[in-house]
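Here's the structure we're looking at; comments come further down.
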Amino acid sequence: MKRILLLSLIFGIAFLGACSQNDNKMNDMDQSSMEHEMDDDMMEEHMDHDDEVSLNDSTGKNELKIPKELEQDEKSKEIVYTVKAQKGETEIFDGIQTDTIGYNGAFLGPMLRFDKGDTVKIKTINELDEETTFHWHGLEVAGAADGGPHSALQPGEEKVIEFKVDQEAATLWFHPHPDGQTSEQVYNGLAGLIYIEDENSKSLGLPNEYGQNDIPLIFQDRTFDDEKQLNYDAAMNDDGTIGDTLLINGTLNPKLTVKKEKGRLRLLNGSNARNYTFKLNSGDSFTQVATDGGFLNEPVTLEEITLTPSERAEIVVDFSSLDTLDDLALIDEEGSILLPFDVSEQGGKEEEIPEEMNQFTITEEEKNLPVTKEVELFGMMDKVTINGKKFDPERIDFTQEQGVTEVWEIYNKPDEMGGMIHPFHIHGTQFKILSRNGKEPSKNEQGWKDTISVEPDETVKVAVQFQHKGVYMFHCHILEHEDNGMMGQIKVE
Ligand SMILES: [Cu+2]
C-alpha cells in the first residue's frame with residue numbers, strides 16, 4: 001500500500017535506517033528520539049491499522065446475492081416507495097444466524113430505480129432501537145431531503161420525503177448518517193443502491209439486464225467474532241474499521257456466474273475505511289464507462305482501478321474475449337480473490353461499447369475561476385479535523401449560492417506519520433475535478449464525482465455547484481473519521 005510505503009519511508013529517514021522498508025513495528029525503533037506530539041499508544045494503534053489486514057480469498061462457494069429491486073407501494077401515477085430501517089438475523093455463515101440490520105429486510109437493502117424526471121416520494125420508517133437518518137448519497141436534492149445528521153428519525157418515527165430526480169443516469173447509494181453513529185450502522189448492514197436511468201442510459205446499448213449482465217457489487221470488509229457476530233465495538237478502529245472477511249452484496253465467499261458476453265459491473269466501495277484496487281487475476285484490461293455521477297464521455301481502458309470508501313465506478317468486462325476464462329477472478333492489489341467468475345459456455349449479446357457516451361465538459365470559465373473555498377483535511381484517529389475544527393451541528397462553515405459554481409481547493413495536510421488518504425465527499429451535488437496537484441485529472445476521473453480520494457500532501461481543485469438549497473455536509477468518508485468530527489456544513493442559499 002502506498003501509505004505503508006510512505007510511512008516506512010518517513011521512518012526510514014527519521015531513524016536513519018533503524019527500521020527497514022518492510023518493518024514498521026514501533027518496538028524496533030528508538031522512540032525516545034522521536035520529536036512529535038502524538039502519544040505512543042495512539043501511534044502504535046495508527047501503525048497497526050491500515051490495510052495491513054489482508055482479505056481472505058473468496059472460495060467461490062456461494063452464488064452472489066443480487067439485491068431485489070424495490071417495487072412501488074402501488075402502481076399509480078405517484079411514485080411512492082417505503083424504505084424501512086429494521087433489525088434482523090442473517091445466515092451469512094452456514095447454519096449460523098448473525099444479528100444484522102437492513103432496509104426492508106434483515107441485511108443491506110433493495111435497489112431503488114429512478115428515472116430522470118420522476119417525482120419520488122419515499123416513506124422512511126425507523127424501526128431500530130436508536131435514531132437513524134436516510135441519506136441519499138450522490139443525489140441532488142434539497143438539504144431537507146438529504147438525510148444529514150439534522151434529519152434524525154427517532155425509534156418508531158416515520159417521515160415522508162419528496163424530491164424530483166433531475167440528474168443524469170448514475171449508480172448512487174443510500175445509507176444512514178446520524179451524528180456519531182454512521183459507522184456502526186453501516187457496519188451492521190444499512191446500505192442500499194440507487195440506479196438512476198435516463199434516455200441516454202437506455203439507448204447506449206450497455207449491458208442492462210439487472211442481475212444478469214448488469215451486476216451491482218457492494219464491497220464491504222468485516223470482522224466476525226468467534227460466534228460469527230458483527231461486534232463493532234470489538235472491531236472498531238478510530239482510524240477506520242477494516243476486516244479480513246469480504247462480503248459482496250452481503251454474500252460470504254461469493255462467485256458470479258456469467259455468460260460469454262460483456263458484463264457491466266457497478267462497483268461500490270461500501271466499506272467503512274478500506275480502499276480497494278480492483279484487477280482481473282488474468283492481467284486482462286477492462287473498460288470503465290461511468291464514475292460516481294454519470295457516464296464518462298468515452299470508455300477508458302484500464303488494468304486496475306482504485307476506489308476509496310463510497311466511490312463508485314461502472315466497468316465492463318468482456319467475458320467473451322478473454323483467453324484465460326478458467327479461474328478468472330476479480331482480485332485486489334494484494335492478489336486476494338474477491339470474486340471468482342464462473343463463465344458459462346452460453347453466449348450472450350454481442351453489443352459494442354459506444355465510443356461516445358456523454359457530453360461532460362469543463363469550461364474555460366470554470367478552469368479560470370478563483371478558489372473561493374479552502375478545505376484542509378488533517379489528522380488521524382480521533383484527532384481528525386477539517387480546517388482545524390471538528391464538526392459542530394450548530395456551526396455553518398461555508399455558504400454558497402444555489403446554481404453558482406465555486407472552486408473548492410481540498411488539501412490533505414500530512415502529519416508526522418505521513419498522513420493517510422482521506423476520501424472527501426460533498427452532499428447534494430455532483431462536482432467536477434479541475435486538477436490534482438495542478439495537473440489534469442486522469443481520463444477516468446473526467447466525469448461527475450461526489451467523492452474523491454485525496455492523498456497526503458495532495459491538493460485537488462473541484463468545481464462545485466448546488467442545484468438546491470439547504471444545509472449539506474462535507475466530510476471524510478472514512479466513516480470513523482466522519483463520526484470523529486471530520487465533517488463541516490455548507491448552507492446553500
Ligand atoms: Cu479521513
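Residues in the C-alpha cells are named by chain (A, B, ... in the order shown) and by number from 1 within that chain; ligands are numbered from 1 in the order shown.
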
Nearby residues, ligand 1, 9 Å, only C-alpha atoms and all ligand atoms, as a PyMOL selection string: chain A and resi 239-240+273+377-381+384-385+420-424+475-482+486

Please, which residues in region 116-140 of chain A fall within 10 Å of region 180-185 of chain A when counting only C-alpha atoms, and what is the closest atom pair and distance in Å to one decimal for each, ordered by chain then residue number, as JSON lines?
```
{"residue": "A:Glu130", "atom": "CA", "partner": "A:Gln181", "partner_atom": "CA", "distance": 9.4}
{"residue": "A:Glu131", "atom": "CA", "partner": "A:Gln181", "partner_atom": "CA", "distance": 8.8}
{"residue": "A:Thr132", "atom": "CA", "partner": "A:Gln181", "partner_atom": "CA", "distance": 8.1}
{"residue": "A:Thr133", "atom": "CA", "partner": "A:Thr182", "partner_atom": "CA", "distance": 9.0}
```

Next, write the just-selected residues to a file, as a PDB file, in the first residue's frame, keeping N, CA and C atoms as the atom set.
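The new file out_14.pdb reads:
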```pdb
ATOM      1  N   GLU A 130     -32.557   2.828  17.923  1.00  0.00           N
ATOM      2  CA  GLU A 130     -31.759   4.051  18.061  1.00  0.00           C
ATOM      3  C   GLU A 130     -32.095   4.967  16.897  1.00  0.00           C
ATOM      4  N   GLU A 131     -31.691   6.241  17.007  1.00  0.00           N
ATOM      5  CA  GLU A 131     -32.016   7.159  15.922  1.00  0.00           C
ATOM      6  C   GLU A 131     -31.198   6.833  14.675  1.00  0.00           C
ATOM      7  N   THR A 132     -31.765   7.177  13.545  1.00  0.00           N
ATOM      8  CA  THR A 132     -31.046   6.998  12.284  1.00  0.00           C
ATOM      9  C   THR A 132     -31.506   8.093  11.324  1.00  0.00           C
ATOM     10  N   THR A 133     -30.834   8.182  10.174  1.00  0.00           N
ATOM     11  CA  THR A 133     -31.305   9.066   9.109  1.00  0.00           C
ATOM     12  C   THR A 133     -31.223   8.283   7.799  1.00  0.00           C
TER      13      THR A 133
END
```

All strand (DSSP E) residues (DSSP, backbone) inside region 177-329 of chain A, as a PyMOL selection string: chain A and resi 192-197+214-222+245-248+251-252+254-260+262-269+276-280+286-290+295-302+304-307+312-318+329

Residues near Glu261 (chain A), cut-off 8 Å, only C-alpha atoms, skip fewer than 5 positions along chain, as a PyMOL selection string: chain A and resi 318-320+347-350

A:Pro207, A:Pro441, A:Gly294, A:Gly270 ranked by distance to Val317 (chain A), top pick (using only C-alpha atoms): A:Pro207

CA of Leu265 (chain A) to CA of Gln465 (chain A), distance in Å rounded to a single decimal: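 Pair CA of Leu265 (chain A) / CA of Gln465 (chain A) returns 28.7 Å.
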
CA of Pro299 (chain A) to CA of Lys432 (chain A), distance in Å rounded to a single decimal: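 Distance between the two atoms: 17.6 Å.
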
Region 222-236 of chain A environment, 12 Å, only C-alpha atoms, sequence neighbours closer than 2 positions dropped, as a PyMOL selection string: chain A and resi 45+49+53-56+89-101+181-189+219-220+238-248+250-252+270-274+381+479-481+483

Include N, CA and C atoms and write out the residues we just selected as a compact mmCIF listing (two decimals), in the first residue's frame.
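What landed in selection_3.txt:
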```
# COMPACT_ATOMS: atom_id res chain seq x y z
N GLU A 45 -1.37 2.30 17.61
CA GLU A 45 -2.63 1.89 17.00
C GLU A 45 -2.70 2.36 15.55
N HIS A 49 -3.02 -0.14 12.31
CA HIS A 49 -4.15 -0.04 11.42
C HIS A 49 -3.68 -0.04 9.96
N VAL A 53 -4.34 -5.60 7.21
CA VAL A 53 -5.15 -6.81 7.33
C VAL A 53 -5.58 -7.19 5.91
N SER A 54 -5.06 -8.32 5.44
CA SER A 54 -5.42 -8.76 4.09
C SER A 54 -6.79 -9.40 4.10
N LEU A 55 -7.42 -9.39 2.96
CA LEU A 55 -8.71 -10.06 2.84
C LEU A 55 -8.51 -11.54 2.58
N ASN A 56 -9.33 -12.36 3.20
CA ASN A 56 -9.32 -13.79 2.89
C ASN A 56 -9.80 -13.98 1.45
N GLU A 89 -31.93 -11.02 11.46
CA GLU A 89 -30.87 -12.02 11.55
C GLU A 89 -30.60 -12.54 10.15
N THR A 90 -29.35 -12.80 9.86
CA THR A 90 -28.98 -13.22 8.52
C THR A 90 -28.05 -14.43 8.60
N GLU A 91 -28.31 -15.40 7.74
CA GLU A 91 -27.43 -16.57 7.69
C GLU A 91 -26.29 -16.27 6.72
N ILE A 92 -25.26 -15.62 7.25
CA ILE A 92 -24.08 -15.31 6.43
C ILE A 92 -23.20 -16.56 6.35
N PHE A 93 -23.02 -17.20 7.52
CA PHE A 93 -22.29 -18.47 7.61
C PHE A 93 -23.32 -19.60 7.69
N ASP A 94 -23.02 -20.71 7.07
CA ASP A 94 -23.96 -21.84 7.03
C ASP A 94 -24.45 -22.21 8.42
N GLY A 95 -25.75 -22.20 8.60
CA GLY A 95 -26.35 -22.69 9.83
C GLY A 95 -26.20 -21.77 11.03
N ILE A 96 -25.69 -20.56 10.81
CA ILE A 96 -25.49 -19.64 11.95
C ILE A 96 -26.23 -18.33 11.66
N GLN A 97 -26.97 -17.86 12.63
CA GLN A 97 -27.66 -16.58 12.46
C GLN A 97 -26.79 -15.45 13.01
N THR A 98 -26.57 -14.45 12.21
CA THR A 98 -25.82 -13.27 12.62
C THR A 98 -26.80 -12.11 12.79
N ASP A 99 -26.69 -11.39 13.89
CA ASP A 99 -27.55 -10.21 14.09
C ASP A 99 -27.11 -9.12 13.11
N THR A 100 -28.05 -8.63 12.36
CA THR A 100 -27.75 -7.61 11.35
C THR A 100 -28.88 -6.57 11.34
N ILE A 101 -28.66 -5.49 10.59
CA ILE A 101 -29.74 -4.56 10.32
C ILE A 101 -29.80 -4.33 8.81
N GLN A 181 -22.96 8.06 14.77
CA GLN A 181 -23.33 6.64 14.75
C GLN A 181 -23.35 6.03 13.36
N THR A 182 -22.87 6.80 12.38
CA THR A 182 -22.95 6.33 11.00
C THR A 182 -22.14 5.04 10.81
N SER A 183 -20.93 5.04 11.34
CA SER A 183 -20.03 3.90 11.04
C SER A 183 -20.61 2.59 11.57
N GLU A 184 -21.15 2.60 12.77
CA GLU A 184 -21.67 1.35 13.33
C GLU A 184 -22.91 0.88 12.58
N GLN A 185 -23.77 1.81 12.19
CA GLN A 185 -24.99 1.40 11.49
C GLN A 185 -24.69 0.87 10.08
N VAL A 186 -23.74 1.49 9.41
CA VAL A 186 -23.37 0.97 8.09
C VAL A 186 -22.71 -0.40 8.27
N TYR A 187 -21.83 -0.48 9.26
CA TYR A 187 -21.10 -1.73 9.52
C TYR A 187 -22.06 -2.89 9.75
N ASN A 188 -23.14 -2.62 10.48
CA ASN A 188 -24.09 -3.69 10.82
C ASN A 188 -25.09 -3.99 9.70
N GLY A 189 -25.05 -3.20 8.62
CA GLY A 189 -25.84 -3.61 7.46
C GLY A 189 -26.67 -2.58 6.74
N PHE A 219 -18.96 -3.75 -2.03
CA PHE A 219 -17.81 -4.37 -1.35
C PHE A 219 -17.73 -3.86 0.09
N GLN A 220 -17.78 -4.79 1.03
CA GLN A 220 -17.68 -4.43 2.44
C GLN A 220 -16.84 -5.46 3.18
N ASP A 238 -10.46 3.77 15.46
CA ASP A 238 -10.74 5.20 15.26
C ASP A 238 -10.24 5.70 13.91
N ASP A 239 -9.28 4.99 13.36
CA ASP A 239 -8.74 5.44 12.08
C ASP A 239 -9.41 4.74 10.90
N GLY A 240 -10.46 4.01 11.18
CA GLY A 240 -11.15 3.33 10.10
C GLY A 240 -11.17 1.85 10.37
N THR A 241 -12.35 1.30 10.50
CA THR A 241 -12.51 -0.11 10.85
C THR A 241 -12.40 -0.97 9.60
N ILE A 242 -11.46 -1.89 9.63
CA ILE A 242 -11.32 -2.80 8.49
C ILE A 242 -11.39 -4.23 8.99
N GLY A 243 -11.64 -5.16 8.09
CA GLY A 243 -11.76 -6.55 8.48
C GLY A 243 -11.11 -7.47 7.47
N ASP A 244 -11.03 -8.74 7.84
CA ASP A 244 -10.38 -9.72 6.96
C ASP A 244 -11.38 -10.47 6.08
N THR A 245 -12.66 -10.24 6.32
CA THR A 245 -13.69 -11.01 5.62
C THR A 245 -14.48 -10.10 4.69
N LEU A 246 -14.43 -10.42 3.42
CA LEU A 246 -15.15 -9.60 2.45
C LEU A 246 -16.55 -10.16 2.23
N LEU A 247 -17.51 -9.26 2.25
CA LEU A 247 -18.86 -9.60 1.81
C LEU A 247 -19.13 -8.76 0.56
N ILE A 248 -19.68 -9.39 -0.46
CA ILE A 248 -20.14 -8.62 -1.62
C ILE A 248 -21.65 -8.78 -1.68
N GLY A 250 -23.43 -8.60 0.70
CA GLY A 250 -23.73 -9.40 1.88
C GLY A 250 -23.42 -10.88 1.73
N THR A 251 -22.83 -11.26 0.60
CA THR A 251 -22.52 -12.67 0.34
C THR A 251 -21.11 -13.00 0.77
N LEU A 252 -20.99 -14.01 1.62
CA LEU A 252 -19.68 -14.53 2.01
C LEU A 252 -19.20 -15.50 0.92
N GLY A 270 -18.44 0.11 -0.43
CA GLY A 270 -19.35 0.38 0.68
C GLY A 270 -18.71 0.11 2.03
N SER A 271 -17.38 0.04 2.04
CA SER A 271 -16.65 -0.26 3.28
C SER A 271 -16.53 0.98 4.15
N ASN A 272 -16.31 0.76 5.44
CA ASN A 272 -16.11 1.89 6.34
C ASN A 272 -14.81 2.61 6.04
N ALA A 273 -13.77 1.86 5.69
CA ALA A 273 -12.45 2.50 5.59
C ALA A 273 -11.50 1.91 4.56
N ARG A 274 -11.74 0.67 4.12
CA ARG A 274 -10.76 0.02 3.25
C ARG A 274 -10.80 0.60 1.84
N MET A 381 -6.96 9.16 13.71
CA MET A 381 -7.67 8.66 14.89
C MET A 381 -8.81 9.62 15.27
N LEU A 479 -15.67 6.26 7.60
CA LEU A 479 -16.84 6.56 8.45
C LEU A 479 -16.45 6.88 9.88
N GLU A 480 -15.37 6.26 10.37
CA GLU A 480 -14.93 6.58 11.74
C GLU A 480 -14.37 8.01 11.81
N HIS A 481 -13.74 8.48 10.74
CA HIS A 481 -13.29 9.87 10.73
C HIS A 481 -14.49 10.81 10.73
N ASP A 483 -17.46 10.17 11.95
CA ASP A 483 -18.05 10.13 13.29
C ASP A 483 -17.17 10.85 14.32
```

Selected residue of minimal separation from Thr277 (chain A) among A:Val120, A:Ile79, A:Ala191, A:Leu307, counting only C-alpha atoms: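 Under the stated criterion, the closest residue is A:Leu307.
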
CA of Glu401 (chain A) to CA of Gln489 (chain A), straight-line distance in Å: 14.0 Å
